[in-house]
>>> print(open('start05.cif').read())   # mmCIF, C-alpha atoms and all ligand atoms
data_my_file
#
loop_
_atom_site.label_atom_id
_atom_site.label_comp_id
_atom_site.auth_asym_id
_atom_site.auth_seq_id
_atom_site.Cartn_x
_atom_site.Cartn_y
_atom_site.Cartn_z
CA MET Q 6 94.65 87.84 132.05
CA GLY Q 7 95.15 86.11 128.80
CA VAL Q 8 96.45 86.56 125.32
CA THR Q 9 95.90 89.20 122.69
CA VAL Q 10 95.57 88.15 119.06
CA GLU Q 11 96.72 89.91 115.90
CA ILE Q 12 95.55 88.65 112.51
CA LEU Q 13 98.18 88.17 109.81
CA PRO Q 14 96.69 87.52 106.36
CA LEU Q 15 99.10 85.34 104.35
CA LEU Q 16 99.27 83.77 100.89
CA THR Q 17 95.91 83.93 99.06
CA ASP Q 18 93.43 83.40 101.88
CA ASN Q 19 95.35 82.02 104.88
CA TYR Q 20 95.34 83.48 108.35
CA ALA Q 21 98.30 83.23 110.68
CA TYR Q 22 97.99 84.77 114.13
CA LEU Q 23 100.40 86.55 116.44
CA VAL Q 24 99.45 85.60 119.98
CA THR Q 25 100.91 87.62 122.84
CA ASP Q 26 100.76 86.78 126.53
CA ALA Q 27 99.88 90.13 128.09
CA GLU Q 28 101.63 89.29 131.36
CA SER Q 29 105.05 88.08 130.20
CA GLY Q 30 105.17 89.56 126.70
CA ALA Q 31 105.84 86.12 125.20
CA VAL Q 32 104.82 85.88 121.55
CA ALA Q 33 103.80 82.95 119.38
CA VAL Q 34 102.80 82.75 115.75
CA VAL Q 35 100.17 80.18 114.79
CA ASP Q 36 100.59 78.50 111.37
CA PRO Q 37 103.05 80.69 109.47
CA GLY Q 38 102.41 79.62 105.88
CA GLU Q 39 105.08 82.06 104.74
CA ALA Q 40 107.84 83.88 106.62
CA GLY Q 41 108.11 87.35 105.05
CA PRO Q 42 105.02 89.14 106.38
CA VAL Q 43 105.36 87.43 109.78
CA LEU Q 44 108.98 88.48 110.15
CA ALA Q 45 108.21 92.04 109.05
CA ARG Q 46 105.47 92.36 111.66
CA VAL Q 47 107.53 90.69 114.41
CA ARG Q 48 110.37 93.15 113.74
CA GLU Q 49 107.98 96.13 113.82
CA ARG Q 50 106.88 94.93 117.25
CA GLY Q 51 110.45 94.73 118.57
CA GLY Q 52 111.65 91.35 117.31
CA ARG Q 53 110.33 88.95 119.93
CA LEU Q 54 109.07 85.57 118.73
CA ASP Q 55 109.20 82.78 121.32
CA TRP Q 56 107.15 80.03 119.72
CA ILE Q 57 105.82 78.82 116.41
CA LEU Q 58 102.64 76.86 117.05
CA LEU Q 59 101.50 74.46 114.32
CA THR Q 60 98.08 72.88 113.89
CA HIS Q 61 98.78 70.47 111.02
CA HIS Q 62 101.29 69.53 108.37
CA HIS Q 63 99.91 71.25 105.23
CA GLY Q 64 102.35 73.53 103.46
CA ASP Q 65 100.10 76.60 103.65
CA HIS Q 66 100.40 76.37 107.45
CA VAL Q 67 104.08 75.48 107.89
CA ALA Q 68 106.12 76.77 104.93
CA GLY Q 69 107.47 79.80 106.83
CA VAL Q 70 108.85 77.82 109.78
CA GLY Q 71 112.46 77.28 108.66
CA GLU Q 72 113.09 80.92 107.81
CA LEU Q 73 111.40 82.15 110.99
CA VAL Q 74 113.45 79.80 113.18
CA ALA Q 75 116.66 80.91 111.48
CA ALA Q 76 115.80 84.60 111.85
CA THR Q 77 114.37 84.63 115.40
CA GLY Q 78 115.45 81.46 117.21
CA ALA Q 79 111.80 80.70 117.97
CA ARG Q 80 111.01 77.19 119.14
CA VAL Q 81 108.46 75.04 117.33
CA ALA Q 82 105.48 73.20 118.84
CA GLY Q 83 103.02 71.02 116.97
CA PRO Q 84 101.22 67.69 116.77
CA ALA Q 85 103.26 64.72 117.97
CA ALA Q 86 101.18 62.49 115.70
CA ASP Q 87 102.51 64.33 112.63
CA ALA Q 88 106.09 64.90 113.82
CA ARG Q 89 107.54 62.88 110.92
CA ARG Q 90 105.98 65.21 108.34
CA LEU Q 91 106.48 68.53 110.16
CA PRO Q 92 109.55 70.72 110.59
CA PRO Q 93 111.59 69.57 113.64
CA LEU Q 94 109.51 70.06 116.80
CA ASP Q 95 110.96 71.33 120.08
CA ARG Q 96 107.68 70.41 121.74
CA ALA Q 97 105.44 67.61 120.46
CA LEU Q 98 101.85 67.99 121.66
CA ALA Q 99 98.85 65.70 122.02
CA GLU Q 100 95.23 65.77 123.25
CA GLY Q 101 94.82 67.01 126.80
CA GLU Q 102 98.28 68.54 127.15
CA VAL Q 103 98.85 72.18 128.01
CA PHE Q 104 101.02 74.46 125.91
CA GLU Q 105 102.55 77.31 127.92
CA LEU Q 106 103.15 80.70 126.31
CA GLY Q 107 104.81 82.72 129.06
CA ARG Q 108 102.20 82.80 131.83
CA ALA Q 109 99.36 81.96 129.45
CA ALA Q 110 98.28 78.42 128.68
CA ALA Q 111 96.49 76.70 125.85
CA ARG Q 112 94.66 73.41 126.11
CA VAL Q 113 95.50 71.04 123.26
CA ILE Q 114 92.46 69.54 121.53
CA ALA Q 115 92.94 66.73 119.00
CA THR Q 116 90.61 67.18 116.01
CA PRO Q 117 91.39 64.50 113.42
CA GLY Q 118 89.56 64.61 110.10
CA HIS Q 119 91.12 67.27 107.85
CA THR Q 120 94.44 65.61 108.67
CA ALA Q 121 94.99 62.69 111.04
CA GLY Q 122 97.09 64.72 113.47
CA HIS Q 123 95.26 68.07 113.38
CA LEU Q 124 95.33 69.91 116.71
CA CYS Q 125 93.40 72.95 117.93
CA TYR Q 126 94.61 75.22 120.71
CA LEU Q 127 92.33 76.82 123.28
CA PHE Q 128 93.64 79.66 125.44
CA GLU Q 129 91.01 79.21 128.11
CA ALA Q 130 91.55 82.36 130.20
CA SER Q 131 90.72 84.64 127.28
CA GLY Q 132 88.59 82.12 125.35
CA ASP Q 133 90.64 82.13 122.15
CA LEU Q 134 90.42 79.00 119.98
CA PHE Q 135 92.83 78.42 117.11
CA CYS Q 136 91.10 75.82 115.00
CA ALA Q 137 92.88 76.16 111.62
CA ASP Q 138 91.32 73.86 109.01
CA THR Q 139 88.96 71.94 111.31
CA LEU Q 140 86.28 74.59 111.89
CA PHE Q 141 85.89 77.53 109.52
CA VAL Q 142 83.50 80.44 109.88
CA MET Q 143 80.23 78.93 108.52
CA GLY Q 144 82.16 75.92 107.23
CA CYS Q 145 84.67 73.18 107.98
CA GLY Q 146 87.80 71.67 106.48
CA ARG Q 147 87.81 69.04 103.78
CA LEU Q 148 88.19 65.40 104.79
CA PHE Q 149 91.68 64.57 103.54
CA GLU Q 150 92.69 62.06 106.21
CA GLY Q 151 89.57 61.10 108.08
CA ASP Q 152 86.02 59.94 107.51
CA ALA Q 153 82.83 61.86 108.23
CA ALA Q 154 82.31 60.24 111.64
CA THR Q 155 85.83 61.20 112.74
CA MET Q 156 85.44 64.82 111.61
CA TRP Q 157 81.97 65.08 113.12
CA ALA Q 158 83.38 63.89 116.46
CA SER Q 159 86.10 66.54 116.22
CA LEU Q 160 83.65 69.33 115.37
CA SER Q 161 81.34 68.16 118.17
CA LYS Q 162 84.15 68.69 120.67
CA LEU Q 163 84.61 72.28 119.50
CA SER Q 164 80.87 72.87 119.42
CA ARG Q 165 80.65 72.02 123.14
CA LEU Q 166 83.09 74.80 124.14
CA PRO Q 167 81.61 77.88 125.84
CA PRO Q 168 79.53 79.92 123.33
CA GLU Q 169 81.62 83.07 123.85
CA THR Q 170 84.81 81.24 122.74
CA LYS Q 171 86.42 83.17 119.91
CA VAL Q 172 86.98 81.19 116.71
CA TRP Q 173 90.21 82.01 114.87
CA CYS Q 174 90.35 79.75 111.83
CA GLY Q 175 92.98 79.11 109.17
CA HIS Q 176 91.36 80.58 106.06
CA GLU Q 177 89.09 83.37 104.87
CA TYR Q 178 86.58 81.08 103.14
CA THR Q 179 83.55 82.65 104.76
CA LEU Q 180 81.83 84.17 101.73
CA ALA Q 181 81.77 80.85 99.87
CA ASN Q 182 80.74 79.08 103.08
CA ALA Q 183 77.88 81.55 103.59
CA ARG Q 184 76.60 80.88 100.06
CA PHE Q 185 76.58 77.16 100.74
CA ALA Q 186 74.83 77.69 104.10
CA LEU Q 187 72.15 79.72 102.29
CA TRP Q 188 71.70 76.91 99.78
CA VAL Q 189 71.27 74.42 102.63
CA THR Q 190 68.89 76.53 104.73
CA PRO Q 191 67.60 79.40 102.59
CA ASP Q 192 64.86 80.30 105.08
CA ASP Q 193 66.91 80.29 108.29
CA PRO Q 194 66.82 83.85 109.65
CA ALA Q 195 70.09 83.51 111.60
CA VAL Q 196 71.91 82.20 108.52
CA ARG Q 197 70.47 84.98 106.32
CA GLU Q 198 71.46 87.68 108.77
CA ARG Q 199 74.95 86.26 109.19
CA ALA Q 200 75.37 85.97 105.40
CA ARG Q 201 74.47 89.66 105.01
CA GLU Q 202 76.99 90.56 107.72
CA VAL Q 203 79.67 88.49 105.97
CA GLU Q 204 78.92 90.15 102.59
CA ARG Q 205 79.33 93.55 104.21
CA LEU Q 206 82.60 92.67 105.96
CA ARG Q 207 84.12 91.21 102.80
CA SER Q 208 82.97 94.08 100.59
CA GLU Q 209 85.00 96.27 102.97
CA GLU Q 210 87.87 93.74 102.76
CA ARG Q 211 87.62 93.10 106.48
CA PRO Q 212 88.26 89.67 108.02
CA THR Q 213 85.32 87.59 109.23
CA VAL Q 214 87.37 86.27 112.16
CA PRO Q 215 86.91 86.01 114.99
CA SER Q 216 83.55 84.34 115.06
CA THR Q 217 82.33 82.68 118.23
CA ILE Q 218 81.29 79.13 119.02
CA GLY Q 219 77.80 80.44 119.82
CA VAL Q 220 77.42 82.12 116.42
CA GLU Q 221 78.79 79.03 114.65
CA ARG Q 222 76.37 76.77 116.53
CA ALA Q 223 73.55 78.93 115.21
CA THR Q 224 74.71 79.50 111.61
CA ASN Q 225 77.28 76.88 110.56
CA PRO Q 226 75.49 73.93 108.89
CA PHE Q 227 78.44 71.65 109.67
CA LEU Q 228 77.72 72.07 113.40
CA ARG Q 229 73.98 71.44 112.85
CA PRO Q 230 73.45 68.01 111.23
CA PHE Q 231 70.62 67.47 113.75
CA ASP Q 232 68.72 70.49 112.30
CA PRO Q 233 65.40 69.23 110.84
CA ALA Q 234 65.55 71.83 108.02
CA ILE Q 235 68.99 70.58 106.93
CA ARG Q 236 67.84 66.96 107.11
CA ARG Q 237 64.78 67.76 105.01
CA ARG Q 238 66.91 69.63 102.47
CA LEU Q 239 69.15 66.57 102.04
CA GLY Q 240 66.34 64.01 102.25
CA LEU Q 241 68.00 62.39 105.26
CA GLU Q 242 65.38 62.65 107.97
CA GLY Q 243 66.21 59.27 109.48
CA ALA Q 244 70.02 59.36 109.25
CA SER Q 245 72.58 59.72 112.04
CA ASP Q 246 74.25 63.08 112.69
CA ALA Q 247 77.52 61.73 111.27
CA GLU Q 248 75.73 60.62 108.08
CA VAL Q 249 74.07 64.00 107.65
CA PHE Q 250 77.40 65.70 108.32
CA GLY Q 251 79.07 63.50 105.66
CA ALA Q 252 76.34 64.34 103.13
CA LEU Q 253 76.77 68.04 103.86
CA ARG Q 254 80.53 67.78 103.36
CA ARG Q 255 80.07 65.97 100.01
CA ALA Q 256 77.48 68.52 98.89
CA LYS Q 257 79.89 71.35 99.73
CA ASP Q 258 82.73 69.62 97.84
CA GLY Q 259 80.60 69.70 94.69
CA PHE Q 260 78.95 73.09 95.33
CA LYS Q 261 79.40 75.68 92.61
CA GLY Q 262 77.62 78.54 94.38
ZN ZN X 301 95.03 72.27 105.75
FE FE X 302 94.92 75.30 105.01
#
>>> encode(input="start05.cif", output="structure tokens", more="lines below")
Ligand code: ZN
Ligand code: FE
Amino acid sequence: MGVTVEILPLLTDNYAYLVTDAESGAVAVVDPGEAGPVLARVRERGGRLDWILLTHHHGDHVAGVGELVAATGARVAGPAADARRLPPLDRALAEGEVFELGRAAARVIATPGHTAGHLCYLFEASGDLFCADTLFVMGCGRLFEGDAATMWASLSKLSRLPPETKVWCGHEYTLANARFALWVTPDDPAVRERAREVERLRSEERPTVPSTIGVERATNPFLRPFDPAIRRRLGLEGASDAEVFGALRRAKDGFKG
């Protein structure tokens, strides 16, 4: 048993997710950056919202919390490390803890880098990872509150999860990420094939989530700083993985496609 996941596109390019425990019917929303569309969907499904699960403090992930709490009575769970800059938490979470949603459970994984307190949630029974702005499809989050070594350590943790783990990230940035990946490794067949797939999905206005950890390990340059082709491209053959990762992140920051 495990959870089922429904994608809720919000704002310009954010994804929130409705997560339902099949056994108990308990429902959580991950990162409601606005309330309206979440509330509308929750009401269509019968009105049940037990938890609001937050990954980090940025407004595009939390702005809907107050209105959702007022309308549904849902409780709020999120990173203890960021409690002072989050809406009031009913449950403050940290690395290694388990968040219970009805009979389902998510392992809490600390992934500092994008923000200092960023958490990811892994529902292990069904292999669903909510990784928000740490790991994107073919990309990763910007380094607002951490250095390259910190973010690389966080991404390495996610990269070591089982390859079939589904990757549900916080934004639909995949097309731009694919273009950058093609700039980094223009001759990589896996990257080229994935980029074509992404072009097709987006031309049909379909989401590129979920990806999987296995696909990301093969096609996401930010999980591959050890790749000789990437190192050659950046002229960093002798550097550490964290250094190559940092150079990739800086190149992406300045990339115009
Ligand atoms: Zn963010
Ligand atoms: Fe975001």
>>> closest_atom_pairs(input="start05.cif", of="stretch 52-157 of chain Q", to="stretch 219-234 of chain Q", cutoff="7 Å", atoms="all atoms listed in the file", output="JSON lines")
{"residue": "Q:Val142", "atom": "CA", "partner": "Q:Glu221", "partner_atom": "CA", "distance": 6.9}
{"residue": "Q:Met143", "atom": "CA", "partner": "Q:Asn225", "partner_atom": "CA", "distance": 4.1}
{"residue": "Q:Gly144", "atom": "CA", "partner": "Q:Asn225", "partner_atom": "CA", "distance": 6.0}
{"residue": "Q:Cys145", "atom": "CA", "partner": "Q:Phe227", "partner_atom": "CA", "distance": 6.6}
>>> residues_around(input="start05.cif", residues="Q:Ser216", least_positions_apart="6", cutoff="9 Å", atoms="only C-alpha atoms", output="PDB file with C-alpha atoms, in the coordinates of the input")
ATOM      1  CA  VAL Q 142      83.500  80.440 109.880  1.00  0.00           C
ATOM      2  CA  THR Q 170      84.810  81.240 122.740  1.00  0.00           C
ATOM      3  CA  LYS Q 171      86.420  83.170 119.910  1.00  0.00           C
ATOM      4  CA  VAL Q 172      86.980  81.190 116.710  1.00  0.00           C
ATOM      5  CA  TRP Q 173      90.210  82.010 114.870  1.00  0.00           C
ATOM      6  CA  CYS Q 174      90.350  79.750 111.830  1.00  0.00           C
TER       7      CYS Q 174
END
>>> residues_near_ligand(input="start05.cif", ligand="ligand FE 302 (chain X)", cutoff="10 Å", atoms="all atoms listed in the file", output="NGL selection string")
:Q and (18-20 or 36 or 38 or 60-67 or 119 or 137-139 or 146-147 or 174-177)
>>> atom_distance(input="start05.cif", atom1="atom CA of Q:Gly240", atom2="atom CA of Q:Ala181")
23.0 Å
>>> residues_around(input="start05.cif", residues="Q:Gly118", least_positions_apart="4", cutoff="9 Å", atoms="all atoms listed in the file", output="list of chain:residue names")
Q:Gly122, Q:His123, Q:Thr139, Q:Gly146, Q:Arg147, Q:Leu148, Q:Phe149, Q:Glu150, Q:Gly151, Q:Asp152, Q:Ala153, Q:Ala154, Q:Thr155, Q:Met156, Q:Trp157, Q:Ala158, Q:Ser159
